[in-house]
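Asks: Hey, dropping query-v1.cif in here, mmCIF, C-alpha atoms:
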```cif
data_input
#
loop_
_atom_site.group_PDB
_atom_site.id
_atom_site.type_symbol
_atom_site.label_atom_id
_atom_site.label_comp_id
_atom_site.auth_asym_id
_atom_site.auth_seq_id
_atom_site.Cartn_x
_atom_site.Cartn_y
_atom_site.Cartn_z
ATOM 1 C CA MET M 1 -9.698 46.894 -132.440
ATOM 2 C CA GLN M 2 -6.374 45.074 -132.089
ATOM 3 C CA LEU M 3 -3.556 46.106 -134.420
ATOM 4 C CA ARG M 4 -0.271 44.309 -134.979
ATOM 5 C CA GLU M 5 2.965 45.711 -133.629
ATOM 6 C CA MET M 6 5.179 47.687 -135.975
ATOM 7 C CA ARG M 7 8.937 47.987 -135.931
ATOM 8 C CA PHE M 8 9.413 51.732 -136.463
ATOM 9 C CA ALA M 9 5.993 53.162 -135.700
ATOM 10 C CA LYS M 10 3.695 53.028 -132.721
ATOM 11 C CA ILE M 11 -0.043 53.723 -132.669
ATOM 12 C CA ASP M 12 -1.284 54.950 -129.305
ATOM 13 C CA GLY M 13 -5.019 55.600 -129.446
ATOM 14 C CA THR M 14 -5.246 57.637 -132.631
ATOM 15 C CA GLU M 15 -1.748 59.107 -132.343
ATOM 16 C CA VAL M 16 0.938 57.715 -134.657
ATOM 17 C CA LEU M 17 4.573 57.999 -133.563
ATOM 18 C CA VAL M 18 7.520 57.115 -135.799
ATOM 19 C CA GLU M 19 11.107 56.774 -134.603
ATOM 20 C CA VAL M 20 13.846 56.384 -137.217
ATOM 21 C CA LYS M 21 17.585 57.051 -137.117
ATOM 22 C CA SER M 22 18.657 56.721 -140.744
ATOM 23 C CA ALA M 23 17.381 57.040 -144.280
ATOM 24 C CA THR M 24 17.101 53.275 -144.730
ATOM 25 C CA GLU M 25 15.030 53.013 -141.569
ATOM 26 C CA ALA M 26 12.848 55.863 -142.851
ATOM 27 C CA LYS M 27 12.231 54.009 -146.119
ATOM 28 C CA ALA M 28 11.347 50.853 -144.206
ATOM 29 C CA ALA M 29 9.060 52.869 -141.920
ATOM 30 C CA ILE M 30 7.268 54.341 -144.956
ATOM 31 C CA LYS M 31 6.665 50.840 -146.320
ATOM 32 C CA GLU M 32 5.463 49.710 -142.917
ATOM 33 C CA LEU M 33 3.092 52.676 -142.615
ATOM 34 C CA ARG M 34 1.668 52.119 -146.096
ATOM 35 C CA HIS M 35 1.012 48.492 -145.212
ATOM 36 C CA LYS M 36 -0.695 49.526 -141.962
ATOM 37 C CA LYS M 37 -2.786 52.047 -143.900
ATOM 38 C CA LYS M 38 -4.027 49.267 -146.208
ATOM 39 C CA GLU M 39 -4.807 47.108 -143.189
ATOM 40 C CA LEU M 40 -6.798 49.913 -141.571
ATOM 41 C CA THR M 41 -8.623 50.657 -144.817
ATOM 42 C CA LEU M 42 -9.824 47.047 -144.924
ATOM 43 C CA LEU M 43 -10.860 47.306 -141.278
ATOM 44 C CA LYS M 44 -12.730 50.541 -142.043
ATOM 45 C CA ARG M 45 -14.572 48.841 -144.893
ATOM 46 C CA ARG M 46 -15.599 45.988 -142.582
ATOM 47 C CA ILE M 47 -16.815 48.450 -139.914
ATOM 48 C CA ALA M 48 -18.793 50.367 -142.558
ATOM 49 C CA LYS M 49 -20.537 47.126 -143.567
ATOM 50 C CA GLN M 50 -21.357 46.484 -139.910
ATOM 51 C CA GLU M 51 -22.772 49.993 -139.660
ATOM 52 C CA GLY M 52 -25.043 49.454 -142.656
ATOM 53 C CA SER M 53 -26.224 46.131 -141.302
ATOM 54 C CA ALA M 54 -26.870 47.647 -137.865
ATOM 55 C CA ARG M 55 -28.861 50.516 -139.391
ATOM 56 C CA ARG M 56 -31.031 48.083 -141.364
ATOM 57 C CA THR M 57 -31.596 45.936 -138.267
ATOM 58 C CA ILE M 58 -32.650 48.944 -136.209
ATOM 59 C CA GLU M 59 -34.943 50.243 -138.964
ATOM 60 C CA ARG M 60 -36.619 46.819 -139.292
ATOM 61 C CA ALA M 61 -37.123 46.570 -135.524
ATOM 62 C CA GLU M 62 -38.645 50.066 -135.388
ATOM 63 C CA ALA M 63 -40.945 49.294 -138.320
ATOM 64 C CA ALA M 64 -42.054 46.027 -136.691
ATOM 65 C CA ASP M 65 -42.767 47.843 -133.414
ATOM 66 C CA LEU M 66 -44.788 50.451 -135.278
ATOM 67 C CA ARG M 67 -46.808 47.792 -137.120
ATOM 68 C CA GLU M 68 -47.398 45.944 -133.862
ATOM 69 C CA SER M 69 -48.573 49.084 -132.070
ATOM 70 C CA ARG M 70 -51.120 49.788 -134.825
ATOM 71 C CA ARG M 71 -52.766 46.375 -134.549
ATOM 72 C CA ARG M 72 -55.884 46.182 -132.456
ATOM 73 C CA GLY M 73 -58.032 43.501 -131.022
ATOM 74 C CA LEU M 74 -57.798 40.683 -128.529
ATOM 75 C CA PHE M 75 -55.111 38.654 -130.300
ATOM 76 C CA ALA M 76 -52.902 41.704 -130.859
ATOM 77 C CA THR M 77 -53.177 42.578 -127.166
ATOM 78 C CA LEU M 78 -52.299 39.016 -126.139
ATOM 79 C CA ARG M 79 -49.311 39.032 -128.524
ATOM 80 C CA ARG M 80 -48.025 42.324 -127.066
ATOM 81 C CA VAL M 81 -48.368 40.988 -123.523
ATOM 82 C CA SER M 82 -46.586 37.734 -124.367
ATOM 83 C CA ARG M 83 -43.737 39.605 -126.077
ATOM 84 C CA ALA M 84 -43.294 41.850 -123.051
ATOM 85 C CA PHE M 85 -42.143 38.834 -121.034
ATOM 86 C CA SER M 86 -40.016 37.182 -123.706
ATOM 87 C CA LYS M 87 -36.303 37.804 -124.137
ATOM 88 C CA ARG M 88 -35.380 40.035 -127.019
ATOM 89 C CA THR M 89 -32.019 40.203 -128.681
ATOM 90 C CA PRO M 90 -30.417 43.575 -128.022
ATOM 91 C CA LEU M 91 -30.133 45.942 -130.958
ATOM 92 C CA PRO M 92 -26.630 46.747 -132.218
ATOM 93 C CA ASP M 93 -24.875 49.754 -130.675
ATOM 94 C CA LEU M 94 -24.755 52.173 -133.596
ATOM 95 C CA ASP M 95 -22.890 54.848 -131.612
ATOM 96 C CA ALA M 96 -20.016 52.465 -130.820
ATOM 97 C CA ILE M 97 -19.742 51.457 -134.467
ATOM 98 C CA GLU M 98 -19.648 55.108 -135.547
ATOM 99 C CA ARG M 99 -16.952 55.870 -132.939
ATOM 100 C CA ASP M 100 -14.844 52.985 -134.274
ATOM 101 C CA LEU M 101 -15.296 54.306 -137.800
ATOM 102 C CA GLU M 102 -14.225 57.827 -136.770
ATOM 103 C CA LYS M 103 -11.241 56.460 -134.842
ATOM 104 C CA THR M 104 -10.136 54.446 -137.866
ATOM 105 C CA ASP M 105 -10.454 57.530 -140.103
ATOM 106 C CA GLU M 106 -8.335 59.570 -137.706
ATOM 107 C CA ILE M 107 -5.619 56.896 -137.496
ATOM 108 C CA ILE M 108 -5.488 56.646 -141.311
ATOM 109 C CA HIS M 109 -5.170 60.435 -141.530
ATOM 110 C CA ASN M 110 -2.326 60.442 -138.974
ATOM 111 C CA ILE M 111 -0.536 57.640 -140.832
ATOM 112 C CA GLU M 112 -0.777 59.643 -144.058
ATOM 113 C CA SER M 113 0.696 62.704 -142.339
ATOM 114 C CA CYS M 114 3.586 60.617 -140.950
ATOM 115 C CA ILE M 115 4.298 59.257 -144.432
ATOM 116 C CA VAL M 116 4.370 62.793 -145.850
ATOM 117 C CA GLN M 117 6.704 63.968 -143.074
ATOM 118 C CA LEU M 118 9.105 61.048 -143.602
ATOM 119 C CA GLU M 119 9.137 61.562 -147.367
ATOM 120 C CA GLY M 120 9.829 65.260 -146.816
ATOM 121 C CA ARG M 121 12.805 64.456 -144.588
ATOM 122 C CA LEU M 122 14.160 62.014 -147.153
ATOM 123 C CA LEU M 123 13.959 64.640 -149.905
ATOM 124 C CA GLY M 124 15.509 67.378 -147.792
#
```
Write the structure described by the file as structure tokens, please.
Replies:
Amino acid sequence: MQLREMRFAKIDGTEVLVEVKSATEAKAAIKELRHKKKELTLLKRRIAKQEGSARRTIERAEAADLRESRRRGLFATLRRVSRAFSKRTPLPDLDAIERDLEKTDEIIHNIESCIVQLEGRLLG
């Protein structure tokens, strides 16, 4: 996941750091953080779609394997043997997709907390 550079804020892993020196910079940083939050929300939505697609792919593959294992007879045995030597496309890594989704959630949460802190400093 590659994110664009920001002027006042820095995202390191899931940690969000903001460095401002004046009220005008704080207002600009808030706008920047809100924009980044929208960007990450769109990314999260795309990852969630990937997760759903990966789950369906895995479920279909498991169902096909189950159907194939239930078949009996000479032709079913020959088909299983021939498929053992053929290349199969690897199934999607569901754990990696879930980790990306959790990481995105945590970054969005940290951005929201930075926005609240900056707004609190501007009011005070």
Asks: Can you spell out as a PyMOL selection string the set of residues that the PyMOL selection byres ((chain M and resi 94) around 8) selects in the structure I just provided?
Replies: chain M and resi 51+54-55+92-93+95-98
Asks: Please provide as an mmCIF file with C-alpha atoms, in the coordinates of the input all residues within 12 Å of segment 99-111 of chain M, with the sequence filter that same-chain residues fewer than 6 positions apart are discarded (counting all atoms listed in the file).
Replies:
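File out.cif, as written:
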```cif
data_model
loop_
_atom_site.group_PDB
_atom_site.id
_atom_site.type_symbol
_atom_site.label_atom_id
_atom_site.label_comp_id
_atom_site.auth_asym_id
_atom_site.auth_seq_id
_atom_site.Cartn_x
_atom_site.Cartn_y
_atom_site.Cartn_z
ATOM 1 C CA MET M 1 -9.698 46.894 -132.440
ATOM 2 C CA GLN M 2 -6.374 45.074 -132.089
ATOM 3 C CA LEU M 3 -3.556 46.106 -134.420
ATOM 4 C CA ALA M 9 5.993 53.162 -135.700
ATOM 5 C CA LYS M 10 3.695 53.028 -132.721
ATOM 6 C CA ILE M 11 -0.043 53.723 -132.669
ATOM 7 C CA ASP M 12 -1.284 54.950 -129.305
ATOM 8 C CA GLY M 13 -5.019 55.600 -129.446
ATOM 9 C CA THR M 14 -5.246 57.637 -132.631
ATOM 10 C CA GLU M 15 -1.748 59.107 -132.343
ATOM 11 C CA VAL M 16 0.938 57.715 -134.657
ATOM 12 C CA LEU M 17 4.573 57.999 -133.563
ATOM 13 C CA VAL M 18 7.520 57.115 -135.799
ATOM 14 C CA ALA M 29 9.060 52.869 -141.920
ATOM 15 C CA ILE M 30 7.268 54.341 -144.956
ATOM 16 C CA LYS M 31 6.665 50.840 -146.320
ATOM 17 C CA GLU M 32 5.463 49.710 -142.917
ATOM 18 C CA LEU M 33 3.092 52.676 -142.615
ATOM 19 C CA ARG M 34 1.668 52.119 -146.096
ATOM 20 C CA HIS M 35 1.012 48.492 -145.212
ATOM 21 C CA LYS M 36 -0.695 49.526 -141.962
ATOM 22 C CA LYS M 37 -2.786 52.047 -143.900
ATOM 23 C CA LYS M 38 -4.027 49.267 -146.208
ATOM 24 C CA GLU M 39 -4.807 47.108 -143.189
ATOM 25 C CA LEU M 40 -6.798 49.913 -141.571
ATOM 26 C CA THR M 41 -8.623 50.657 -144.817
ATOM 27 C CA LEU M 42 -9.824 47.047 -144.924
ATOM 28 C CA LEU M 43 -10.860 47.306 -141.278
ATOM 29 C CA LYS M 44 -12.730 50.541 -142.043
ATOM 30 C CA ARG M 45 -14.572 48.841 -144.893
ATOM 31 C CA ARG M 46 -15.599 45.988 -142.582
ATOM 32 C CA ILE M 47 -16.815 48.450 -139.914
ATOM 33 C CA ALA M 48 -18.793 50.367 -142.558
ATOM 34 C CA LYS M 49 -20.537 47.126 -143.567
ATOM 35 C CA GLN M 50 -21.357 46.484 -139.910
ATOM 36 C CA GLU M 51 -22.772 49.993 -139.660
ATOM 37 C CA GLY M 52 -25.043 49.454 -142.656
ATOM 38 C CA ASP M 93 -24.875 49.754 -130.675
ATOM 39 C CA GLN M 117 6.704 63.968 -143.074
ATOM 40 C CA LEU M 118 9.105 61.048 -143.602
#
```
Asks: Suppose you want the space between atom CA of Val81 of chain M and atom CA of Leu66 of chain M; what is it in Å?
Replies: 15.5 Å
Asks: May I ask for the distance between atom CA of Arg83 of chain M and atom CA of Glu68 of chain M, given in Å to one decimal place?
Replies: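 A separation of 10.7 Å between them.
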Asks: Determine the residue membership of the PyMOL selection byres ((chain M and resi 23) around 12) for the file above and supply it as a list in words.
Replies: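 Residues picked by the PyMOL selection byres ((chain M and resi 23) around 12): Glu19, Val20, Lys21, Ser22, Thr24, Glu25, Ala26, Lys27, Ala28, Ala29, Ile30, Leu118, Glu119, Gly120, Arg121, Leu122, Leu123 and Gly124 of chain M.
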Asks: Separation of atom CA of Pro90 of chain M and atom CA of Glu62 of chain M, in Å?
Replies: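 Result for atom CA of Pro90 of chain M versus atom CA of Glu62 of chain M: 12.8 Å, one decimal.
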Asks: Go ahead and fit an axis-aligned box to every listed atom of segment 43-49 of chain M plus 8 Å each side, and pass me the centre and edge lengths in Å, one decimal, as AutoDock Vina command-line options.
Replies:
```
--center_x -15.7 --center_y 48.3 --center_z -142.4 --size_x 25.7 --size_y 20.6 --size_z 21.0
```
Asks: Using the incomplete input, complete segment 108-119 of chain M to the level of all heavy atoms; output as a JSON list (two decimals), in the coordinates of the input.
Replies:
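Final file, part-v3.json:
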```json
[["chain", "number", "residue", "atom", "x", "y", "z"],
["M", 108, "ILE", "N", -5.93, 56.64, -139.91],
["M", 108, "ILE", "CA", -5.49, 56.65, -141.31],
["M", 108, "ILE", "C", -4.95, 58.02, -141.68],
["M", 108, "ILE", "O", -3.91, 58.14, -142.34],
["M", 108, "ILE", "CB", -6.64, 56.20, -142.25],
["M", 108, "ILE", "CG1", -6.92, 54.72, -142.05],
["M", 108, "ILE", "CG2", -6.29, 56.50, -143.70],
["M", 108, "ILE", "CD1", -8.15, 54.22, -142.78],
["M", 109, "HIS", "N", -5.64, 59.07, -141.25],
["M", 109, "HIS", "CA", -5.17, 60.44, -141.53],
["M", 109, "HIS", "C", -3.80, 60.68, -140.89],
["M", 109, "HIS", "O", -2.90, 61.25, -141.53],
["M", 109, "HIS", "CB", -6.18, 61.45, -141.00],
["M", 109, "HIS", "CG", -5.71, 62.86, -141.07],
["M", 109, "HIS", "ND1", -5.64, 63.56, -142.26],
["M", 109, "HIS", "CD2", -5.24, 63.70, -140.12],
["M", 109, "HIS", "CE1", -5.17, 64.77, -142.02],
["M", 109, "HIS", "NE2", -4.92, 64.88, -140.73],
["M", 110, "ASN", "N", -3.61, 60.25, -139.65],
["M", 110, "ASN", "CA", -2.33, 60.44, -138.97],
["M", 110, "ASN", "C", -1.21, 59.63, -139.63],
["M", 110, "ASN", "O", -0.07, 60.08, -139.69],
["M", 110, "ASN", "CB", -2.45, 60.09, -137.49],
["M", 110, "ASN", "CG", -3.30, 61.09, -136.74],
["M", 110, "ASN", "OD1", -3.49, 62.21, -137.18],
["M", 110, "ASN", "ND2", -3.84, 60.67, -135.61],
["M", 111, "ILE", "N", -1.54, 58.44, -140.12],
["M", 111, "ILE", "CA", -0.54, 57.64, -140.83],
["M", 111, "ILE", "C", -0.12, 58.36, -142.11],
["M", 111, "ILE", "O", 1.08, 58.42, -142.43],
["M", 111, "ILE", "CB", -1.08, 56.23, -141.14],
["M", 111, "ILE", "CG1", -1.12, 55.40, -139.85],
["M", 111, "ILE", "CG2", -0.25, 55.53, -142.20],
["M", 111, "ILE", "CD1", -1.77, 54.04, -140.01],
["M", 112, "GLU", "N", -1.09, 58.91, -142.83],
["M", 112, "GLU", "CA", -0.78, 59.64, -144.06],
["M", 112, "GLU", "C", 0.12, 60.84, -143.76],
["M", 112, "GLU", "O", 1.07, 61.11, -144.51],
["M", 112, "GLU", "CB", -2.06, 60.11, -144.75],
["M", 112, "GLU", "CG", -2.85, 58.98, -145.36],
["M", 112, "GLU", "CD", -4.21, 59.42, -145.86],
["M", 112, "GLU", "OE1", -4.65, 60.54, -145.52],
["M", 112, "GLU", "OE2", -4.84, 58.63, -146.58],
["M", 113, "SER", "N", -0.13, 61.55, -142.67],
["M", 113, "SER", "CA", 0.70, 62.70, -142.34],
["M", 113, "SER", "C", 2.11, 62.27, -141.95],
["M", 113, "SER", "O", 3.08, 62.95, -142.28],
["M", 113, "SER", "CB", 0.06, 63.54, -141.23],
["M", 113, "SER", "OG", 0.03, 62.83, -140.02],
["M", 114, "CYS", "N", 2.24, 61.13, -141.27],
["M", 114, "CYS", "CA", 3.59, 60.62, -140.95],
["M", 114, "CYS", "C", 4.34, 60.24, -142.22],
["M", 114, "CYS", "O", 5.55, 60.49, -142.32],
["M", 114, "CYS", "CB", 3.48, 59.40, -140.03],
["M", 114, "CYS", "SG", 3.16, 59.81, -138.32],
["M", 115, "ILE", "N", 3.65, 59.62, -143.17],
["M", 115, "ILE", "CA", 4.30, 59.26, -144.43],
["M", 115, "ILE", "C", 4.79, 60.51, -145.15],
["M", 115, "ILE", "O", 5.93, 60.55, -145.64],
["M", 115, "ILE", "CB", 3.32, 58.44, -145.32],
["M", 115, "ILE", "CG1", 3.07, 57.06, -144.72],
["M", 115, "ILE", "CG2", 3.85, 58.31, -146.74],
["M", 115, "ILE", "CD1", 1.98, 56.27, -145.41],
["M", 116, "VAL", "N", 3.98, 61.54, -145.18],
["M", 116, "VAL", "CA", 4.37, 62.79, -145.85],
["M", 116, "VAL", "C", 5.57, 63.41, -145.14],
["M", 116, "VAL", "O", 6.52, 63.88, -145.80],
["M", 116, "VAL", "CB", 3.17, 63.77, -145.89],
["M", 116, "VAL", "CG1", 3.61, 65.16, -146.31],
["M", 116, "VAL", "CG2", 2.11, 63.25, -146.84],
["M", 117, "GLN", "N", 5.57, 63.41, -143.81],
["M", 117, "GLN", "CA", 6.70, 63.97, -143.07],
["M", 117, "GLN", "C", 7.99, 63.20, -143.33],
["M", 117, "GLN", "O", 9.06, 63.79, -143.53],
["M", 117, "GLN", "CB", 6.39, 63.98, -141.58],
["M", 117, "GLN", "CG", 5.36, 65.01, -141.19],
["M", 117, "GLN", "CD", 4.99, 64.91, -139.73],
["M", 117, "GLN", "OE1", 5.57, 64.12, -138.97],
["M", 117, "GLN", "NE2", 4.02, 65.71, -139.31],
["M", 118, "LEU", "N", 7.90, 61.86, -143.34],
["M", 118, "LEU", "CA", 9.10, 61.05, -143.60],
["M", 118, "LEU", "C", 9.62, 61.26, -145.02],
["M", 118, "LEU", "O", 10.83, 61.36, -145.23],
["M", 118, "LEU", "CB", 8.81, 59.56, -143.36],
["M", 118, "LEU", "CG", 8.68, 59.12, -141.92],
["M", 118, "LEU", "CD1", 8.19, 57.70, -141.84],
["M", 118, "LEU", "CD2", 10.00, 59.27, -141.20],
["M", 119, "GLU", "N", 8.71, 61.33, -145.98],
["M", 119, "GLU", "CA", 9.14, 61.56, -147.37],
["M", 119, "GLU", "C", 9.77, 62.93, -147.51],
["M", 119, "GLU", "O", 10.74, 63.11, -148.24],
["M", 119, "GLU", "CB", 7.96, 61.43, -148.31],
["M", 119, "GLU", "CG", 7.50, 59.99, -148.51],
["M", 119, "GLU", "CD", 6.24, 59.87, -149.35],
["M", 119, "GLU", "OE1", 5.52, 60.87, -149.52],
["M", 119, "GLU", "OE2", 5.97, 58.75, -149.81]]
```
